[in-house]
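Containing mmCIF, C-alpha atoms: final_10.cif.
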data_target
#
loop_
_atom_site.label_atom_id
_atom_site.label_comp_id
_atom_site.auth_asym_id
_atom_site.auth_seq_id
_atom_site.Cartn_x
_atom_site.Cartn_y
_atom_site.Cartn_z
CA MET A 22 59.71 209.57 30.48
CA HIS A 23 62.54 212.14 30.14
CA ILE A 24 62.08 215.71 31.32
CA ASN A 25 62.94 216.94 27.80
CA ALA A 26 59.54 215.65 26.68
CA ILE A 27 57.72 218.10 28.96
CA ASP A 28 56.82 221.61 27.83
CA LEU A 29 57.03 224.06 30.75
CA ASN A 30 53.72 225.57 29.63
CA LEU A 31 52.03 222.23 30.24
CA LEU A 32 53.16 222.37 33.86
CA ARG A 33 51.73 225.87 34.17
CA VAL A 34 48.41 224.57 32.85
CA PHE A 35 48.57 221.66 35.30
CA ASP A 36 49.32 223.98 38.22
CA ALA A 37 46.48 226.37 37.35
CA ILE A 38 43.95 223.53 37.04
CA TYR A 39 45.15 221.99 40.31
CA SER A 40 44.84 225.33 42.11
CA THR A 41 41.42 226.29 40.73
CA ARG A 42 39.94 222.78 40.34
CA ASN A 43 38.36 224.12 37.17
CA VAL A 44 39.65 224.11 33.56
CA SER A 45 37.80 227.29 32.55
CA ARG A 46 39.06 229.28 35.57
CA ALA A 47 42.57 227.94 34.97
CA ALA A 48 42.42 229.14 31.36
CA GLU A 49 41.26 232.57 32.51
CA ARG A 50 44.11 232.79 35.03
CA LEU A 51 46.67 231.95 32.31
CA GLY A 52 45.13 234.15 29.62
CA LEU A 53 44.26 231.13 27.47
CA THR A 54 41.09 229.96 25.81
CA GLN A 55 39.29 227.05 27.45
CA PRO A 56 40.01 224.73 24.45
CA ALA A 57 43.73 225.61 24.65
CA ALA A 58 43.85 224.71 28.34
CA SER A 59 41.97 221.47 27.68
CA GLN A 60 44.36 220.61 24.86
CA GLY A 61 47.35 221.23 27.11
CA LEU A 62 45.87 218.96 29.78
CA THR A 63 45.26 216.26 27.17
CA ARG A 64 48.90 216.41 26.03
CA LEU A 65 50.13 216.12 29.60
CA ARG A 66 47.79 213.19 30.26
CA LEU A 67 49.22 211.34 27.27
CA LEU A 68 52.81 212.08 28.28
CA LEU A 69 52.29 210.92 31.88
CA GLY A 70 49.87 208.10 31.20
CA ASP A 71 47.45 209.32 33.85
CA ALA A 72 44.07 211.12 33.75
CA LEU A 73 45.45 213.65 36.32
CA PHE A 74 41.95 215.11 36.87
CA VAL A 75 38.47 213.61 36.90
CA ARG A 76 35.11 215.33 36.77
CA ALA A 77 33.74 216.56 40.10
CA PRO A 78 30.90 218.86 41.20
CA GLY A 79 31.78 222.37 40.05
CA GLY A 80 34.90 221.32 38.13
CA VAL A 81 37.55 218.63 38.46
CA ALA A 82 39.36 216.72 41.21
CA PRO A 83 43.02 215.56 41.08
CA THR A 84 44.00 211.91 40.87
CA PRO A 85 46.53 210.49 43.36
CA ARG A 86 49.27 210.93 40.71
CA ALA A 87 48.32 214.59 40.33
CA GLU A 88 48.39 215.12 44.10
CA ARG A 89 51.95 213.77 44.24
CA LEU A 90 53.03 215.82 41.25
CA ALA A 91 51.47 219.09 42.43
CA VAL A 92 53.92 219.79 45.26
CA ALA A 93 56.98 219.40 43.02
CA VAL A 94 55.44 221.47 40.23
CA GLN A 95 54.43 224.30 42.57
CA GLN A 96 57.87 224.43 44.16
CA ALA A 97 59.59 224.42 40.76
CA LEU A 98 57.38 227.18 39.33
CA ALA A 99 57.74 229.31 42.46
CA THR A 100 61.52 228.98 42.25
CA LEU A 101 61.51 230.02 38.60
CA GLU A 102 59.16 232.97 39.26
CA GLN A 103 61.36 234.20 42.07
CA ALA A 104 64.56 233.82 40.05
CA LEU A 105 63.17 235.50 36.93
CA GLY A 106 61.01 238.23 38.44
CA GLU A 107 62.73 239.44 41.59
CA ALA A 108 66.13 240.47 42.81
CA SER A 109 67.76 238.34 45.47
CA GLN A 110 67.25 241.12 48.00
CA PHE A 111 64.37 243.47 48.73
CA ASP A 112 65.28 247.09 49.46
CA PRO A 113 62.23 248.60 51.22
CA ALA A 114 63.66 252.11 51.27
CA ALA A 115 63.98 252.15 47.46
CA SER A 116 60.99 249.98 46.51
CA GLY A 117 57.77 251.20 44.91
CA LYS A 118 56.07 247.82 45.20
CA THR A 119 52.33 247.59 45.83
CA PHE A 120 51.26 244.99 48.40
CA ARG A 121 47.67 243.73 48.50
CA MET A 122 45.94 242.46 51.63
CA HIS A 123 42.63 241.05 52.75
CA LEU A 124 41.31 242.97 55.75
CA SER A 125 37.78 243.43 56.99
CA ASP A 126 36.58 246.95 57.76
CA ILE A 127 37.21 246.38 61.45
CA GLY A 128 40.62 244.91 60.64
CA GLU A 129 41.51 248.01 58.65
CA ALA A 130 40.65 250.22 61.61
CA ARG A 131 42.72 248.10 63.99
CA PHE A 132 45.82 247.29 61.93
CA LEU A 133 46.31 249.87 59.17
CA PRO A 134 47.19 252.95 61.29
CA PRO A 135 50.31 251.44 62.93
CA LEU A 136 51.24 249.60 59.74
CA MET A 137 51.11 252.73 57.59
CA ALA A 138 53.11 254.68 60.16
CA ASP A 139 55.76 251.96 60.07
CA LEU A 140 55.85 251.87 56.26
CA HIS A 141 56.14 255.65 56.10
CA GLN A 142 59.38 255.44 58.04
CA ARG A 143 60.89 252.27 56.59
CA ALA A 144 59.49 252.07 53.04
CA PRO A 145 58.10 255.46 51.96
CA GLY A 146 57.61 254.38 48.33
CA VAL A 147 55.74 251.17 49.13
CA ARG A 148 51.98 251.17 48.51
CA LEU A 149 49.32 249.10 50.19
CA GLU A 150 45.90 248.10 48.84
CA SER A 151 43.41 246.69 51.34
CA SER A 152 40.05 245.14 50.52
CA PRO A 153 37.79 242.45 51.99
CA TRP A 154 37.60 239.22 49.97
CA PRO A 155 34.89 236.55 50.31
CA HIS A 156 36.34 234.02 52.73
CA GLU A 157 35.93 231.12 50.32
CA GLN A 158 38.12 232.93 47.76
CA ILE A 159 40.99 234.04 49.98
CA ALA A 160 43.12 230.87 49.80
CA GLU A 161 42.99 230.85 46.00
CA ALA A 162 43.73 234.60 45.88
CA LEU A 163 46.82 234.07 48.04
CA ASP A 164 47.96 231.13 45.94
CA SER A 165 47.52 233.01 42.66
CA GLY A 166 49.23 236.17 43.92
CA ALA A 167 46.08 238.29 43.65
CA ILE A 168 46.71 239.21 47.29
CA ASP A 169 49.91 238.92 49.29
CA PHE A 170 48.50 238.53 52.81
CA ALA A 171 45.26 237.98 54.67
CA LEU A 172 44.91 239.14 58.26
CA GLY A 173 41.99 238.15 60.44
CA TYR A 174 40.02 235.28 61.96
CA LEU A 175 39.89 233.04 58.89
CA PRO A 176 39.36 229.36 59.76
CA SER A 177 38.49 228.53 56.14
CA VAL A 178 41.97 229.71 55.08
CA ALA A 179 43.77 228.07 58.01
CA ASN A 180 42.52 224.65 56.90
CA THR A 181 44.01 224.82 53.37
CA GLN A 182 47.26 223.08 52.36
CA ASN A 183 48.70 225.86 50.23
CA THR A 184 48.85 228.55 52.92
CA GLN A 185 50.92 229.28 55.99
CA ARG A 186 49.87 231.28 59.03
CA ALA A 187 51.23 232.88 62.19
CA GLN A 188 49.20 233.89 65.22
CA VAL A 189 48.88 237.62 65.74
CA LEU A 190 46.58 237.81 68.76
CA GLN A 191 43.95 235.98 70.74
CA ASP A 192 40.66 237.73 71.36
CA ARG A 193 37.13 236.99 72.50
CA TYR A 194 33.69 238.31 71.73
CA SER A 195 32.05 240.76 74.12
CA ILE A 196 28.90 242.89 74.20
CA LEU A 197 29.20 246.63 73.60
CA LEU A 198 26.44 248.77 75.14
CA ARG A 199 25.95 252.47 75.60
CA ALA A 200 26.98 253.82 78.98
CA GLY A 201 23.88 253.93 81.18
CA HIS A 202 22.14 251.07 79.42
CA PRO A 203 19.26 249.74 81.61
CA LEU A 204 20.77 246.25 81.74
CA LEU A 205 23.96 247.56 83.34
CA ALA A 206 22.04 248.98 86.31
CA ARG A 207 20.84 245.45 87.14
CA GLN A 208 24.29 243.86 86.92
CA GLN A 209 26.95 243.52 89.58
CA PRO A 210 30.40 244.81 88.54
CA GLY A 211 32.31 242.03 86.79
CA GLN A 212 29.23 239.82 86.52
CA THR A 213 29.03 237.64 83.41
CA LEU A 214 25.87 237.98 81.34
CA ALA A 215 23.84 234.78 81.39
CA LEU A 216 21.60 233.65 78.54
CA ALA A 217 18.60 235.07 80.40
CA ASP A 218 20.29 238.48 80.40
CA LEU A 219 21.05 238.26 76.69
CA ARG A 220 17.41 237.51 75.97
CA GLN A 221 16.54 240.94 77.35
CA LEU A 222 18.65 242.64 74.69
CA ASP A 223 17.95 243.69 71.13
CA PHE A 224 20.93 243.47 68.81
CA VAL A 225 22.49 245.25 65.86
CA ALA A 226 24.71 243.09 63.65
CA VAL A 227 26.76 243.32 60.47
CA ARG A 228 26.24 240.82 57.67
CA SER A 229 29.90 240.60 56.64
CA HIS A 230 30.96 239.26 60.08
CA ALA A 231 29.31 235.89 59.89
CA GLN A 232 30.69 234.51 63.15
CA THR A 233 28.81 237.02 65.31
CA LEU A 234 25.55 236.15 63.55
CA ARG A 235 26.37 232.45 63.92
CA ILE A 236 26.79 232.83 67.69
CA LEU A 237 23.45 234.62 67.96
CA GLN A 238 21.87 231.81 65.95
CA LEU A 239 23.40 229.16 68.24
CA LEU A 240 21.85 230.97 71.21
CA LYS A 241 18.56 231.35 69.31
CA LEU A 242 18.88 235.11 69.64
CA ASP A 243 18.88 235.89 65.91
CA GLY A 244 15.20 236.79 66.20
CA GLN A 245 16.28 239.71 68.41
CA VAL A 246 18.46 241.26 65.72
CA ARG A 247 16.62 244.54 65.02
CA LEU A 248 19.14 245.95 62.56
CA THR A 249 21.59 244.33 60.16
CA ALA A 250 24.11 246.84 58.80
CA ALA A 251 26.64 246.65 55.99
CA HIS A 252 29.69 247.94 57.87
CA PHE A 253 30.95 247.07 61.34
CA LEU A 254 32.31 250.50 62.17
CA ALA A 255 28.85 252.09 61.92
CA LEU A 256 27.60 249.94 64.80
CA PRO A 257 29.14 251.80 67.78
CA SER A 258 27.47 255.07 66.74
CA ILE A 259 24.14 253.23 66.53
CA VAL A 260 24.71 251.64 69.94
CA ARG A 261 25.52 254.99 71.53
CA GLU A 262 22.18 256.45 70.40
CA SER A 263 19.99 253.46 71.32
CA ASP A 264 19.55 250.52 73.67
CA LEU A 265 20.77 248.10 70.99
CA ALA A 266 23.71 245.83 71.80
CA VAL A 267 26.46 244.64 69.47
CA LEU A 268 28.53 241.48 69.70
CA MET A 269 32.11 242.40 68.80
CA PRO A 270 35.77 241.60 69.56
CA LEU A 271 36.86 242.76 73.00
CA ASN A 272 40.08 244.15 71.56
CA ILE A 273 38.06 246.59 69.46
CA ALA A 274 35.35 247.27 72.04
CA ARG A 275 37.91 248.49 74.57
CA GLY A 276 39.01 251.19 72.13
CA PHE A 277 35.48 252.59 71.99
CA VAL A 278 35.09 252.43 75.76
CA ALA A 279 38.33 254.35 76.21
CA ALA A 280 36.91 257.15 74.06
CA GLY A 281 33.88 257.40 76.36
CA GLY A 282 30.17 256.76 76.11
CA TYR A 283 30.25 252.98 76.05
CA ALA A 284 30.42 249.99 78.39
CA ILE A 285 31.43 246.37 77.92
CA ALA A 286 29.48 243.38 79.19
CA GLU A 287 31.12 239.97 79.28
CA PRO A 288 28.69 237.30 78.02
CA ASP A 289 28.73 233.55 78.53
CA LEU A 290 28.96 232.52 74.86
CA PRO A 291 29.71 229.41 72.81
CA ALA A 292 32.72 229.76 70.51
CA ARG A 293 33.60 232.98 72.33
CA ASP A 294 37.39 232.83 71.92
CA PHE A 295 39.09 233.18 68.57
CA THR A 296 42.55 233.72 67.08
CA VAL A 297 43.54 236.42 64.61
CA SER A 298 46.29 235.19 62.27
CA LEU A 299 48.41 236.40 59.39
CA HIS A 300 48.08 234.15 56.33
CA TRP A 301 50.26 233.90 53.22
CA SER A 302 50.85 231.47 50.35
CA ARG A 303 53.50 228.77 50.50
CA ARG A 304 54.18 229.61 46.86
CA PHE A 305 55.59 233.04 47.72
CA GLU A 306 56.97 232.25 51.17
CA THR A 307 60.61 232.82 50.19
CA ASP A 308 59.95 235.87 48.02
CA PRO A 309 62.16 238.64 49.48
CA SER A 310 59.41 241.29 49.53
CA ASN A 311 56.96 238.84 51.07
CA VAL A 312 59.49 237.90 53.75
CA TRP A 313 60.18 241.55 54.56
CA LEU A 314 56.56 242.67 54.96
CA ARG A 315 55.65 239.47 56.80
CA GLN A 316 58.38 240.17 59.33
CA ARG A 317 57.22 243.77 59.74
CA LEU A 318 53.60 242.70 60.27
CA LEU A 319 54.54 240.14 62.90
CA ALA A 320 56.92 242.55 64.62
CA LEU A 321 54.16 245.16 64.84
CA PHE A 322 51.30 242.92 65.93
CA ALA A 323 52.51 239.56 67.25
CA ASP A 324 53.68 241.14 70.51
CA MET A 325 50.09 241.85 71.53
CA GLY A 326 50.27 238.84 73.82
CA GLU A 327 47.99 235.95 74.54
CA ASN A 328 45.16 238.04 75.95
CA PRO A 329 43.16 240.92 74.52
CA VAL A 330 44.57 244.36 75.23
#

In structure tokens, what does this structure look like?
Amino acid sequence: MHINAIDLNLLRVFDAIYSTRNVSRAAERLGLTQPAASQGLTRLRLLLGDALFVRAPGGVAPTPRAERLAVAVQQALATLEQALGEASQFDPAASGKTFRMHLSDIGEARFLPPLMADLHQRAPGVRLESSPWPHEQIAEALDSGAIDFALGYLPSVANTQNTQRAQVLQDRYSILLRAGHPLLARQQPGQTLALADLRQLDFVAVRSHAQTLRILQLLKLDGQVRLTAAHFLALPSIVRESDLAVLMPLNIARGFVAAGGYAIAEPDLPARDFTVSLHWSRRFETDPSNVWLRQRLLALFADMGENPV
């Protein structure tokens, strides 16, 4: 089959269905009706002599032919998008571009202040929009261009084929308590909290940070969660006024301790260590604006070292 027989729009339909694994969602992404997307897929099937997608729970799954075709189609479309929509160079000082990022509330508190200070100096017209996305939607949002970057501990994104990542920092979970908490009086300086010690604590948790709840469940301590809050940054104030404990990243906990009124206890936990990474889509990896902000993010945060600071 000659390339002249292929309509570029059919490849866009193919790419959207491959990315979303759903004809209706692909149609919505392209601004088409569902019948129009289905018709386009049917035409491509006939041209290529392959089903390309078969029914699967929740949508469709690609055939082996579609898997081989997808990489070439995505690269070709990304090249065209870059050539048609962007200049060959990105001028941060003159740009008014809006970048969109996934950050949790705790990620915003940790990363946005130095990032915004850097942008103010280097790219005063650039805007940034930050919002937390459901973890199962982040990879697709990166691939579609709905967000440009995701920064955090995101194992569900790290395991996808269409994204790239770079390590920003390594951290571990710790216990934040109020200064003068009764448990601290019974502990030797530097002593690690054993499971028996943890069973003496009542906890406050946040529902959007699933890993901390998962660790408490693994230890069978979820029954000692007395409060589940909506936002992580409300927890330290609650801890300071009570004997509740919160499981949180050591990197963040040390900031509260430095301000006074808190203490850190080091627990013996499963899955205690984790890596915070910057994630982006392979589709936009060579986009000049993506390259520029990616380099700034890594320059600002990747020098934090291998251990929490």

Interatomic distance, CA of Ser298 in chain A to CA of His123 in chain A (Å, one decimal):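 Separation between CA of Ser298 in chain A and CA of His123 in chain A: 11.8 Å.
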
A:Ser125, A:Ser151, A:Gln221, A:Ser165: which is nearest Arg33 in chain A, counting all atoms listed in the file?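 Among the listed residues, A:Ser165 lies closest to Arg33 in chain A.
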
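The shell of residues at most 8 Å from range 167-184 of chain A, with only C-alpha atoms counted and near chain neighbours (fewer than 6 positions) removed, consists of Phe120, Arg121, Met122, His123, Leu124, Ser125, Gly128, His156, Glu157, Ile159, Ala160, Phe295, Thr296, Val297, Ser298, Leu299, His300, Trp301, Ser302, Arg303, Arg304 and Asn311 of chain A.
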
Name the residues that the PyMOL selection byres ((chain A and resi 266-279) around 9) picks from the file above, as number ranges by chain, using the file's chain letters and numbers. A: 127, 131, 192-200, 222-226, 233-234, 237, 253, 256-257, 260, 263-265, 280-285, 287, 329-330

What does the distance from CA of Phe74 in chain A to CA of Gln60 in chain A come to in Å, to one decimal?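 Taking CA of Phe74 in chain A and CA of Gln60 in chain A, their separation equals 13.4 Å.
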
I'd like the residues picked by the PyMOL selection byres ((chain A and resi 217) around 12) written out as a PyMOL selection string, using the chain letters and numbers from the file. chain A and resi 204+213-216+218-222+240-242+288-289

What's the 7 Å shell around Gln55 in chain A, counting all atoms listed in the file, without same-chain residues fewer than 5 positions away, as a compact mmCIF listing (two decimals) with C-alpha atoms, in the frame of the given file?
# COMPACT_ATOMS: atom_id res chain seq x y z
CA VAL A 44 39.65 224.11 33.56
CA SER A 45 37.80 227.29 32.55
CA ALA A 48 42.42 229.14 31.36

For CA of Arg64 in chain A and CA of Leu29 in chain A, the interatomic separation in Å (one decimal):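 One can read the CA of Arg64 in chain A to CA of Leu29 in chain A distance as 12.1 Å.
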
Padded axis-aligned box of range 88-91 of chain A (8 Å per side), centre and edge lengths, Å, one decimal, as lines of an AutoDock Vina configuration file:
center_x = 50.7
center_y = 216.4
center_z = 42.7
size_x = 20.6
size_y = 21.3
size_z = 19.0

Counting all atoms listed in the file, what is within 9 Å of range 88-99 of chain A, bar same-chain residues fewer than 2 positions away, as a count of residues only? 19

Here is a test: counting only C-alpha atoms, which residue of A:Gln245, A:Arg186, A:His230, A:Arg207 is nearest to Ala323 in chain A? A:Arg186

Written as a VMD selection string, which residues does the PyMOL selection byres ((chain A and resi 147) around 12) give for the file shown? chain A and resid 111 to 121 136 to 146 148 to 150 310 313 to 314
